[in-house]
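Participant: Structure supplied as work_2.pdb; contents: PDB, C-alpha atoms, pLDDT in the B column.
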ATOM      1  CA  MET A   1       6.986  23.340   1.384  1.00 81.00           C
ATOM      2  CA  TYR A   2       7.597  20.655  -1.219  1.00 91.00           C
ATOM      3  CA  PRO A   3       5.372  19.885  -4.239  1.00 93.00           C
ATOM      4  CA  CYS A   4       3.181  16.809  -3.932  1.00 94.00           C
ATOM      5  CA  LEU A   5       4.446  14.212  -6.401  1.00 95.00           C
ATOM      6  CA  VAL A   6       1.071  12.393  -6.402  1.00 95.00           C
ATOM      7  CA  PRO A   7      -1.530  15.191  -6.741  1.00 94.00           C
ATOM      8  CA  LYS A   8      -5.011  14.498  -5.360  1.00 94.00           C
ATOM      9  CA  PHE A   9      -6.668  15.363  -8.680  1.00 95.00           C
ATOM     10  CA  LEU A  10      -4.933  12.302 -10.233  1.00 95.00           C
ATOM     11  CA  CYS A  11      -6.240   9.971  -7.505  1.00 97.00           C
ATOM     12  CA  LYS A  12      -9.670   8.792  -8.644  1.00 96.00           C
ATOM     13  CA  THR A  13      -9.713   5.070  -7.768  1.00 97.00           C
ATOM     14  CA  PRO A  14     -11.482   4.221  -4.478  1.00 97.00           C
ATOM     15  CA  ILE A  15      -9.457   1.913  -2.237  1.00 97.00           C
ATOM     16  CA  HIS A  16     -10.140   0.313   1.158  1.00 97.00           C
ATOM     17  CA  ILE A  17      -6.912  -0.320   3.080  1.00 97.00           C
ATOM     18  CA  GLU A  18      -6.460  -2.499   6.155  1.00 95.00           C
ATOM     19  CA  ILE A  19      -2.982  -2.229   7.677  1.00 93.00           C
ATOM     20  CA  GLU A  20      -1.938  -4.895  10.157  1.00 85.00           C
ATOM     21  CA  SER A  21      -0.003  -3.692  13.179  1.00 74.00           C
ATOM     22  CA  GLU A  22       3.237  -5.407  14.186  1.00 70.00           C
ATOM     23  CA  SER A  23       2.952  -4.046  17.729  1.00 69.00           C
ATOM     24  CA  LEU A  24       1.508  -5.938  20.675  1.00 69.00           C
ATOM     25  CA  ASN A  25      -0.529  -4.640  23.594  1.00 72.00           C
ATOM     26  CA  LYS A  26       0.457  -5.203  27.220  1.00 75.00           C
ATOM     27  CA  TYR A  27      -1.144  -8.672  27.127  1.00 77.00           C
ATOM     28  CA  GLY A  28       0.918  -9.786  24.101  1.00 72.00           C
ATOM     29  CA  GLU A  29      -2.019  -9.602  21.694  1.00 74.00           C
ATOM     30  CA  PRO A  30      -1.710  -7.884  18.298  1.00 69.00           C
ATOM     31  CA  LEU A  31      -3.099  -4.357  18.198  1.00 72.00           C
ATOM     32  CA  ASP A  32      -6.158  -3.661  16.076  1.00 76.00           C
ATOM     33  CA  SER A  33      -5.592  -3.121  12.382  1.00 84.00           C
ATOM     34  CA  ILE A  34      -5.973   0.349  10.879  1.00 90.00           C
ATOM     35  CA  GLU A  35      -8.701   0.780   8.257  1.00 93.00           C
ATOM     36  CA  ILE A  36      -8.624   3.604   5.717  1.00 95.00           C
ATOM     37  CA  ASP A  37     -10.994   4.493   2.896  1.00 96.00           C
ATOM     38  CA  THR A  38      -9.447   6.883   0.394  1.00 97.00           C
ATOM     39  CA  LYS A  39      -8.681   7.371  -3.294  1.00 97.00           C
ATOM     40  CA  CYS A  40      -5.452   6.469  -5.055  1.00 97.00           C
ATOM     41  CA  ASN A  41      -3.677   6.447  -8.391  1.00 97.00           C
ATOM     42  CA  TYR A  42      -3.604   2.744  -9.231  1.00 97.00           C
ATOM     43  CA  GLN A  43      -1.311   1.099 -11.770  1.00 95.00           C
ATOM     44  CA  ASP A  44      -1.574  -2.574 -12.825  1.00 91.00           C
ATOM     45  CA  LYS A  45       1.326  -4.643 -14.028  1.00 86.00           C
ATOM     46  CA  ALA A  46       1.978  -8.286 -14.827  1.00 79.00           C
ATOM     47  CA  LYS A  47       5.157 -10.116 -13.972  1.00 76.00           C
ATOM     48  CA  THR A  48       6.299 -13.429 -15.458  1.00 77.00           C
ATOM     49  CA  ILE A  49       8.251 -15.804 -13.261  1.00 75.00           C
ATOM     50  CA  TYR A  50       9.916 -18.867 -14.757  1.00 78.00           C
ATOM     51  CA  THR A  51      10.308 -21.924 -12.567  1.00 75.00           C
ATOM     52  CA  LYS A  52      11.669 -25.376 -13.446  1.00 76.00           C
ATOM     53  CA  GLU A  53       8.180 -26.815 -13.730  1.00 75.00           C
ATOM     54  CA  LYS A  54       6.230 -24.023 -15.388  1.00 76.00           C
ATOM     55  CA  LYS A  55       5.845 -20.392 -16.267  1.00 70.00           C
ATOM     56  CA  GLU A  56       3.807 -18.359 -13.787  1.00 72.00           C
ATOM     57  CA  VAL A  57       2.254 -14.979 -14.475  1.00 65.00           C
ATOM     58  CA  LYS A  58       1.468 -12.793 -11.482  1.00 76.00           C
ATOM     59  CA  VAL A  59      -0.753  -9.769 -11.699  1.00 67.00           C
ATOM     60  CA  THR A  60       0.452  -7.091  -9.359  1.00 86.00           C
ATOM     61  CA  GLY A  61      -0.272  -3.447  -8.839  1.00 93.00           C
ATOM     62  CA  SER A  62       0.861  -0.256  -7.207  1.00 94.00           C
ATOM     63  CA  ALA A  63      -1.336   2.194  -5.320  1.00 96.00           C
ATOM     64  CA  TYR A  64       0.013   5.745  -4.973  1.00 97.00           C
ATOM     65  CA  ILE A  65      -1.666   7.831  -2.261  1.00 97.00           C
ATOM     66  CA  PRO A  66      -0.837  11.475  -1.473  1.00 97.00           C
ATOM     67  CA  GLY A  67       0.524  12.145   2.013  1.00 95.00           C
ATOM     68  CA  ASP A  68       0.982   9.786   4.945  1.00 95.00           C
ATOM     69  CA  ILE A  69      -1.940   7.358   5.266  1.00 94.00           C
ATOM     70  CA  ALA A  70      -0.743   6.039   8.630  1.00 91.00           C
ATOM     71  CA  PRO A  71       1.173   8.742  10.523  1.00 91.00           C
ATOM     72  CA  GLN A  72       0.927   6.697  13.743  1.00 86.00           C
ATOM     73  CA  LEU A  73       3.082   3.943  12.166  1.00 85.00           C
ATOM     74  CA  PRO A  74       6.745   4.420  11.226  1.00 86.00           C
ATOM     75  CA  THR A  75       6.416   1.792   8.465  1.00 87.00           C
ATOM     76  CA  ILE A  76       3.653  -0.153   6.752  1.00 90.00           C
ATOM     77  CA  PRO A  77       4.318  -3.791   7.657  1.00 85.00           C
ATOM     78  CA  GLY A  78       1.548  -5.419   5.608  1.00 89.00           C
ATOM     79  CA  GLY A  79      -2.159  -5.923   5.274  1.00 93.00           C
ATOM     80  CA  THR A  80      -4.780  -6.044   2.552  1.00 95.00           C
ATOM     81  CA  VAL A  81      -6.575  -3.684   0.212  1.00 96.00           C
ATOM     82  CA  LYS A  82      -9.835  -3.939  -1.651  1.00 97.00           C
ATOM     83  CA  ILE A  83      -9.700  -2.305  -5.059  1.00 95.00           C
ATOM     84  CA  PHE A  84     -12.058  -2.811  -8.026  1.00 94.00           C
ATOM     85  CA  GLY A  85     -13.931  -5.320  -5.830  1.00 94.00           C
ATOM     86  CA  VAL A  86     -10.848  -7.556  -5.503  1.00 93.00           C
ATOM     87  CA  GLU A  87      -8.934  -8.121  -2.281  1.00 95.00           C
ATOM     88  CA  ARG A  88      -5.157  -7.990  -2.675  1.00 94.00           C
ATOM     89  CA  ARG A  89      -2.301  -8.443  -0.228  1.00 93.00           C
ATOM     90  CA  ILE A  90       0.145  -5.629   0.556  1.00 93.00           C
ATOM     91  CA  VAL A  91       3.614  -7.041  -0.104  1.00 90.00           C
ATOM     92  CA  SER A  92       5.455  -3.769   0.412  1.00 90.00           C
ATOM     93  CA  GLY A  93       4.576  -0.358   1.758  1.00 93.00           C
ATOM     94  CA  SER A  94       6.784   2.707   1.623  1.00 94.00           C
ATOM     95  CA  LYS A  95       6.595   6.343   2.609  1.00 95.00           C
ATOM     96  CA  ALA A  96       8.391   8.636   0.155  1.00 96.00           C
ATOM     97  CA  ARG A  97       9.924  11.398   2.233  1.00 95.00           C
ATOM     98  CA  ASN A  98      10.808  14.981   1.444  1.00 96.00           C
ATOM     99  CA  PRO A  99      14.243  16.347   2.456  1.00 95.00           C
ATOM    100  CA  ASP A 100      12.672  17.730   5.658  1.00 95.00           C
ATOM    101  CA  SER A 101      11.456  14.164   6.522  1.00 93.00           C
ATOM    102  CA  THR A 102       7.739  14.865   5.942  1.00 95.00           C
ATOM    103  CA  VAL A 103       5.937  12.224   3.879  1.00 96.00           C
ATOM    104  CA  ASN A 104       5.187  13.240   0.293  1.00 97.00           C
ATOM    105  CA  TYR A 105       3.232  10.130  -0.725  1.00 97.00           C
ATOM    106  CA  THR A 106       2.607   6.539   0.302  1.00 96.00           C
ATOM    107  CA  LEU A 107       3.213   3.650  -2.106  1.00 96.00           C
ATOM    108  CA  LEU A 108       1.602   0.251  -1.598  1.00 95.00           C
ATOM    109  CA  GLU A 109       2.890  -2.638  -3.737  1.00 92.00           C
ATOM    110  CA  LEU A 110       0.168  -5.272  -4.140  1.00 93.00           C
ATOM    111  CA  GLU A 111      -0.032  -8.905  -5.129  1.00 87.00           C
TER
END
Please go through the file and, once you have read it, give me the structure as structure tokens.
Facilitator:
Amino acid sequence: MYPCLVPKFLCKTPIHIEIESESLNKYGEPLDSIEIDTKCNYQDKAKTIYTKEKKEVKVTGSAYIPGDIAPQLPTIPGGTVKIFGVERRIVSGSKARNPDSTVNYTLLELE
């Protein structure tokens, strides 16, 4: 058994997650999204991007959640979260795996 790198006692921020499925049903329609209400360890950050016309500042964040929030999906393709009353888009989702291939924690990068 491996130690949890994101302990539950550090996850105090409520988050509502809606993960969009990339799979299609037998009629070619997208499958229903997966909705999860849980708590996370949330970290804000700001990123400055310089373009020819102007300087743009993007506020982004990372949500760390213990375990595998979507064991039925091999990856997290995208979706949205609602945190602190603000809806943000999932730009990247990853499952940090232990050497035995179990999922230690889930990381959602937000925009």
Participant: Figure out the distance between CA of Thr106 (chain A) and CA of Tyr64 (chain A), please, to one decimal in Å.
Facilitator: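 These atoms are spaced 5.9 Å apart.
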Participant: Enclose the full set of atoms of region 80-89 of chain A listed in the file within a box whose edges lie along x, y and z, apply 3 Å of padding to each of the six sides, and report centre and edge lengths in Å to one decimal as JSON.
Facilitator:
{"center_x": -8.1, "center_y": -5.4, "center_z": -2.7, "size_x": 17.6, "size_y": 12.1, "size_z": 16.6}
Participant: For the provided coordinates, the residues matched by the PyMOL selection byres ((chain A and resi 77-84) around 9) should be stated as a ChimeraX atom specification.
Facilitator: /A:13-22,33,42,75-76,85-93,110
Participant: Output the residue selection produced by the PyMOL selection byres ((chain A and resi 39) around 8) on the file above, formatted as a PyMOL selection string.
Facilitator: chain A and resi 11-15+37-38+40-41+65
Participant: How many Å lie between CA of Asp100 (chain A) and CA of Gln43 (chain A), rounded to one decimal?
Facilitator: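 Straight-line distance from CA of Asp100 (chain A) to CA of Gln43 (chain A) works out to 27.9 Å.
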Participant: I'd like the interatomic distance between CA of Glu109 (chain A) and CA of Lys95 (chain A), to a tenth of an Å.
Facilitator: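 Those two atoms sit 11.6 Å apart.
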Participant: Measuring atom to atom with only C-alpha atoms, identify which of A:Phe9, A:Lys55, A:Pro74, A:Ile49 is nearest to Arg97 (chain A).
Facilitator: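 Looking at the shortest contact to Arg97 (chain A), the residue is A:Pro74.
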Participant: Tell me which of A:Ser94, A:Glu56, A:Leu73, A:Leu107 sits closest to Leu31 (chain A), counting all atoms listed in the file.
Facilitator: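 That would be A:Leu73, the residue with the smallest distance to Leu31 (chain A).
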Participant: Check which residues satisfy the PyMOL selection byres ((chain A and resi 105) around 6) in the file shown, then give them as a list in words.
Facilitator: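 Matching residues under the PyMOL selection byres ((chain A and resi 105) around 6) are Ile65, Pro66, Gly67, Ala96, Val103, Asn104 and Thr106 of chain A.
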Participant: So, counting all atoms listed in the file, which residue among A:Ala63, A:Gln72, A:Asn98, A:Glu111 is closest to Leu10 (chain A)?
Facilitator: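 Ranking A:Ala63, A:Gln72, A:Asn98, A:Glu111 by distance to Leu10 (chain A), first place goes to A:Ala63.
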Participant: My list of candidates is A:Lys58, A:Ser101, A:Asp68, A:Tyr27. Which is closest to Asp44 (chain A) when distances are computed with all atoms listed in the file?
Facilitator: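 Looking at the shortest contact to Asp44 (chain A), the residue is A:Lys58.
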